[in-house]
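Right, one structure below, let's go through it.
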2 protein chains.
Amino acid sequence: MASAYVLLDAGSGGLASQRLISSCFQKHFGNPILDVLDDAALLNDLGPSLAVSTDSYTVTPLFFPGGSIGTLAIHGTVNDVSMLGAAPKYLTASFILEEGLPLSDLELVVSDMAKACREASVLIVTGDTKVVPKGGCDKIFINTTGIGTLLVDNPPSGHKAQDGDVILVSGAMGDHGLTVMASREDLSFMSDVRSDSAPLNGLVSKLLTGCASVHVLRDPTRGGLATTLNEIALQSNVGIEIEEKLVPVHESVLSGCSFMGLDPLYLANEGKCICILPEHLAKTALDIMRSDLVGQEAAIIGRVTLNHPGKVILTTPIGGTRILGMLEGAQLPRIC
Amino acid sequence: MASAYVLLDAGSGGLASQRLISSCFQKHFGNPILDVLDDAALLNDLGPSLAVSTDSYTVTPLFFPGGSIGTLAIHGTVNDVSMLGAAPKYLTASFILEEGLPLSDLELVVSDMAKACREASVLIVTGDTKVVPKGGCDKIFINTTGIGTLLVDNPPSGHKAQDGDVILVSGAMGDHGLTVMASREDLSFMSDVRSDSAPLNGLVSKLLTGCASVHVLRDPTRGGLATTLNEIALQSNVGIEIEEKLVPVHESVLSGCSFMGLDPLYLANEGKCICILPEHLAKTALDIMRSDLVGQEAAIIGRVTLNHPGKVILTTPIGGTRILGMLEGAQLPRIC
């Protein structure tokens, strides 16, 4: 029976999130633009086509190896706009601050954001600040909303995966999710894991210029690779088959996951994308990704099929297969 | 000496807010678009000129006479986009939910938002949901970011008030701020005050069509009429003179303020605007406002002068004058 209360699971990016979206938000807000449910919305009637995406960031701790809530707030939204095949240009930034927050912490976060904006060539053009009484929020929450212009006439979408397409990832999976989890639990022996927080707009721009047809671009954040592939399988009504041994995962992440009982395929990434495109373009896409600083560990990991539509099948290293389900609830809450 | 911590005052919309904005956000994010510091940002290079505004809503209680956090989240952003002389079209909506929130409360808020969107003719096109552990936030926080297209070539701005201009408000001051304060303190004897939460895009569109030159449009939310007029006086480097007896304030709000020791000129409004324009257009503007459902109590309250630039002078009913300063800190925290 469905709960009458909001559970932590509903923020996980998995099935529980989807249920809340469809039973509450889509039910009331539904319209053709929103109902596409990609990482960003496509606005066609404002002159050049625009992509718009919004995200609130609530990660704890505020600072972790490889990044902070500030870098995430820029990279996450820059990447969501990019996934629609757009070049992000402008961001808004809205802060909810807890009374008593050290200003030095705020300034570290804000300077991380400014640096990330410069690196991604985007501008923050307007903002807002609220302060809530001590205990009213957890230190700092940040919302960023990004606006970009479409780079191609036929933008990629989770609905466009086709039979025979090849699936690539731009690098190793799970670094961000494990890093935040380890920071939170103070597992300092995991000193060699760090968040992959990075902007993907440069890589995406090269991909779209170099490959005539990119069907799907998605960044596997909350819920990880497995959940995002499930979303694509459902949206496109296709089957997806990937090989476990082809999915890049850093040795340190594998051992950390083994220690903590986590699956790297369900861990969040904040600087990686999934790219799905016709087979004849796969090698070109792989070369373009690997030539970019944030895509050096890119790999082809599987393909799209008409078998078992809506499902993701994993071939294990010993040749067996299993269904890779969608994340049900929260493996790691609040990691982005 | 400045505090090393974020104080509640910094969210008041007054001087403390401005200090945080200039010493932290502008210092790091500063650019020509952001630095205008109007209610919305003007984007000139994306085809038709766009206005973009963002706001996070943290009001407690969630529901109050005349509205809810849901109506505010739509009206507030619709109005901020309108104040730049634009017609809001699209909104993003991002939710931060506290674990354990009753889904029935969430659905009430969301249906309020949907109704407010229909009334203001705007669409929510993309969104995001995070859930934080119980105690990690106060029930529901909502961010909305609005995008609209400019209605005029020379849009109004807080920087454009000129000597001799006349100042109008579209209705009575202080209803929203007092209502939320009374709800919070459970002052049920104040049964005849209710929030003025309403969309202003219809009224603004008529104003801009009917008056050839509107210099300034601003909505006096946090910090109220007094603080917003001070911002305009500073941005335009002009003096502002208003007459207390001309400023519409409901009798119930006057008596409630008297009881609670509050000044209605510093209380937030969520469905009112300030309009500043040349004297020969004042009567036309007043008629247009009064013909609109949300502007029936509109009034001319004062004028712009070159005397005492940067200052707002109030003439009291007995003919004395006093400087109406900017709100220093929090009179009413978290009322929008």
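The chains in the structure tokens are called A, B, ... from first to last as shown; in each chain the residues are counted from 1, and the ligands are counted from 1 in the order shown.
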
Contacts of chain A with chain B up to 7 Å, shortest pair per row, only C-alpha atoms, as a tab-separated table:
```
residue	atom	partner	partner_atom	distance
A:Ala4	CA	B:Leu103	CA	5.4
A:Tyr5	CA	B:Pro102	CA	4.3
A:Val6	CA	B:Gly100	CA	5.0
A:Leu7	CA	B:Glu99	CA	5.1
A:Leu8	CA	B:Glu99	CA	5.5
A:Ala10	CA	B:Val131	CA	6.6
A:Gly11	CA	B:Val131	CA	4.6
A:Cys24	CA	B:Glu107	CA	6.3
A:Phe25	CA	B:Val110	CA	6.9
A:His28	CA	B:Ala114	CA	5.8
A:Phe29	CA	B:Ala114	CA	5.7
A:Ile33	CA	B:Val125	CA	5.5
A:Leu34	CA	B:Val125	CA	4.4
A:Ala40	CA	B:Thr126	CA	6.5
A:Ala41	CA	B:Thr126	CA	5.6
A:Leu46	CA	B:Pro48	CA	6.6
A:Gly47	CA	B:Gly47	CA	4.9
A:Pro48	CA	B:Gly47	CA	6.0
A:Ser53	CA	B:Thr126	CA	6.4
A:Thr54	CA	B:Gly127	CA	6.0
A:Asp55	CA	B:Asp128	CA	5.5
A:Ser56	CA	B:Ser94	CA	6.4
A:Thr92	CA	B:Thr54	CA	6.4
A:Ser94	CA	B:Ser56	CA	6.3
A:Glu99	CA	B:Leu7	CA	5.1
A:Gly100	CA	B:Val6	CA	5.0
A:Leu101	CA	B:Val6	CA	5.1
A:Pro102	CA	B:Tyr5	CA	4.3
A:Leu103	CA	B:Tyr5	CA	4.9
A:Glu107	CA	B:Cys24	CA	6.3
A:Val110	CA	B:His28	CA	6.8
A:Ser111	CA	B:His28	CA	6.0
A:Ala114	CA	B:Phe29	CA	5.7
A:Ile124	CA	B:Phe29	CA	6.4
A:Val125	CA	B:Leu34	CA	4.4
A:Thr126	CA	B:Leu34	CA	5.3
A:Gly127	CA	B:Thr54	CA	5.9
A:Asp128	CA	B:Asp55	CA	5.5
A:Thr129	CA	B:Gly11	CA	6.2
A:Lys130	CA	B:Gly11	CA	4.7
A:Val131	CA	B:Gly11	CA	4.6
A:Val132	CA	B:Leu8	CA	6.6
A:Pro133	CA	B:Leu8	CA	6.5
A:Gly136	CA	B:Cys137	CA	5.2
A:Cys137	CA	B:Cys137	CA	4.1
A:Asp138	CA	B:Gly136	CA	5.2
A:Asn143	CA	B:Asn143	CA	7.0
A:Thr145	CA	B:Thr145	CA	6.9
A:Arg334	CA	B:Val132	CA	6.9
```

Problem - Contacts of region 239-255 of chain A within 6 Å, only C-alpha atoms, excl. fewer than 2 positions in-chain, as a PyMOL selection string - result: chain A and resi 172-173+233+257-258+301-317

Exercise for the section: Output as number ranges by chain all residues of region 88-279 of chain A that backbone DSSP marks as strand (DSSP E or B). Expected result: A: 88-98, 102, 123-132, 137, 140-150, 166-169, 216-218, 239-243, 274-277

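Proximity to Leu208 (chain B) was assessed for B:Gly320, B:Pro155, B:Lys283, B:Asp263 counting only C-alpha atoms; the smallest distance is recorded for B:Pro155.
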
Exercise for the section: Just list the residues in region 205-286 of chain B DSSP gives alpha helix (DSSP H) on the backbone, as a ChimeraX atom specification. Expected result: /B:205-210,224-236,251-260,282-286

Excluding Pro199 (chain A) and any residue of its chain fewer than 5 positions from it, enumerate the residues within 10 Å of it, using only C-alpha atoms, and give them as a compact mmCIF listing (two decimals) with N, CA and C atoms, in the first residue's frame.
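Dumped to selection10.txt:
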```
# COMPACT_ATOMS: atom_id res chain seq x y z
N THR A 71 30.22 23.38 -6.71
CA THR A 71 30.58 22.85 -8.04
C THR A 71 29.42 22.03 -8.60
N LEU A 72 28.77 21.24 -7.74
CA LEU A 72 27.63 20.44 -8.21
C LEU A 72 26.53 21.34 -8.76
N ILE A 74 26.60 24.09 -10.25
CA ILE A 74 26.89 24.57 -11.60
C ILE A 74 26.96 23.40 -12.59
N HIS A 75 27.80 22.42 -12.26
CA HIS A 75 27.99 21.30 -13.20
C HIS A 75 26.69 20.55 -13.46
N GLY A 76 25.91 20.32 -12.41
CA GLY A 76 24.68 19.55 -12.57
C GLY A 76 23.72 20.19 -13.55
N THR A 77 23.55 21.50 -13.43
CA THR A 77 22.59 22.17 -14.31
C THR A 77 23.18 22.41 -15.70
N VAL A 78 24.46 22.75 -15.77
CA VAL A 78 25.13 22.85 -17.07
C VAL A 78 24.97 21.53 -17.83
N ASN A 79 25.15 20.42 -17.12
CA ASN A 79 25.07 19.12 -17.78
C ASN A 79 23.64 18.77 -18.21
N ASP A 80 22.67 19.09 -17.38
CA ASP A 80 21.28 18.79 -17.76
C ASP A 80 20.87 19.57 -19.01
N SER A 82 22.95 20.58 -21.30
CA SER A 82 23.75 20.00 -22.39
C SER A 82 23.12 18.72 -22.92
N ALA A 116 33.49 27.44 -11.29
CA ALA A 116 32.85 26.46 -12.19
C ALA A 116 32.16 27.16 -13.35
N CYS A 117 31.56 28.34 -13.08
CA CYS A 117 30.93 29.11 -14.16
C CYS A 117 31.96 29.54 -15.20
N GLU A 119 34.81 28.15 -15.89
CA GLU A 119 35.30 26.99 -16.64
C GLU A 119 34.29 26.51 -17.67
N ALA A 120 33.00 26.65 -17.33
CA ALA A 120 31.97 26.16 -18.25
C ALA A 120 31.46 27.28 -19.17
N SER A 121 32.03 28.48 -19.04
CA SER A 121 31.62 29.63 -19.87
C SER A 121 30.13 29.93 -19.76
N VAL A 204 30.01 17.65 -25.09
CA VAL A 204 28.75 17.49 -25.82
C VAL A 204 28.76 18.29 -27.12
N GLU A 270 28.51 12.81 -11.57
CA GLU A 270 28.23 14.23 -11.79
C GLU A 270 29.10 14.84 -12.87
N GLY A 271 29.74 13.97 -13.66
CA GLY A 271 30.55 14.50 -14.76
C GLY A 271 30.67 13.48 -15.88
N LYS A 272 29.61 12.67 -16.04
CA LYS A 272 29.62 11.61 -17.04
C LYS A 272 28.32 11.62 -17.81
N VAL A 294 37.49 15.32 -19.99
CA VAL A 294 36.54 14.64 -19.10
C VAL A 294 36.02 13.33 -19.68
```

Problem - Separation of CA of Ala285 (chain A) from CA of Asp153 (chain A) in Å - result: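 Here the two named atoms are 18.8 Å from each other.
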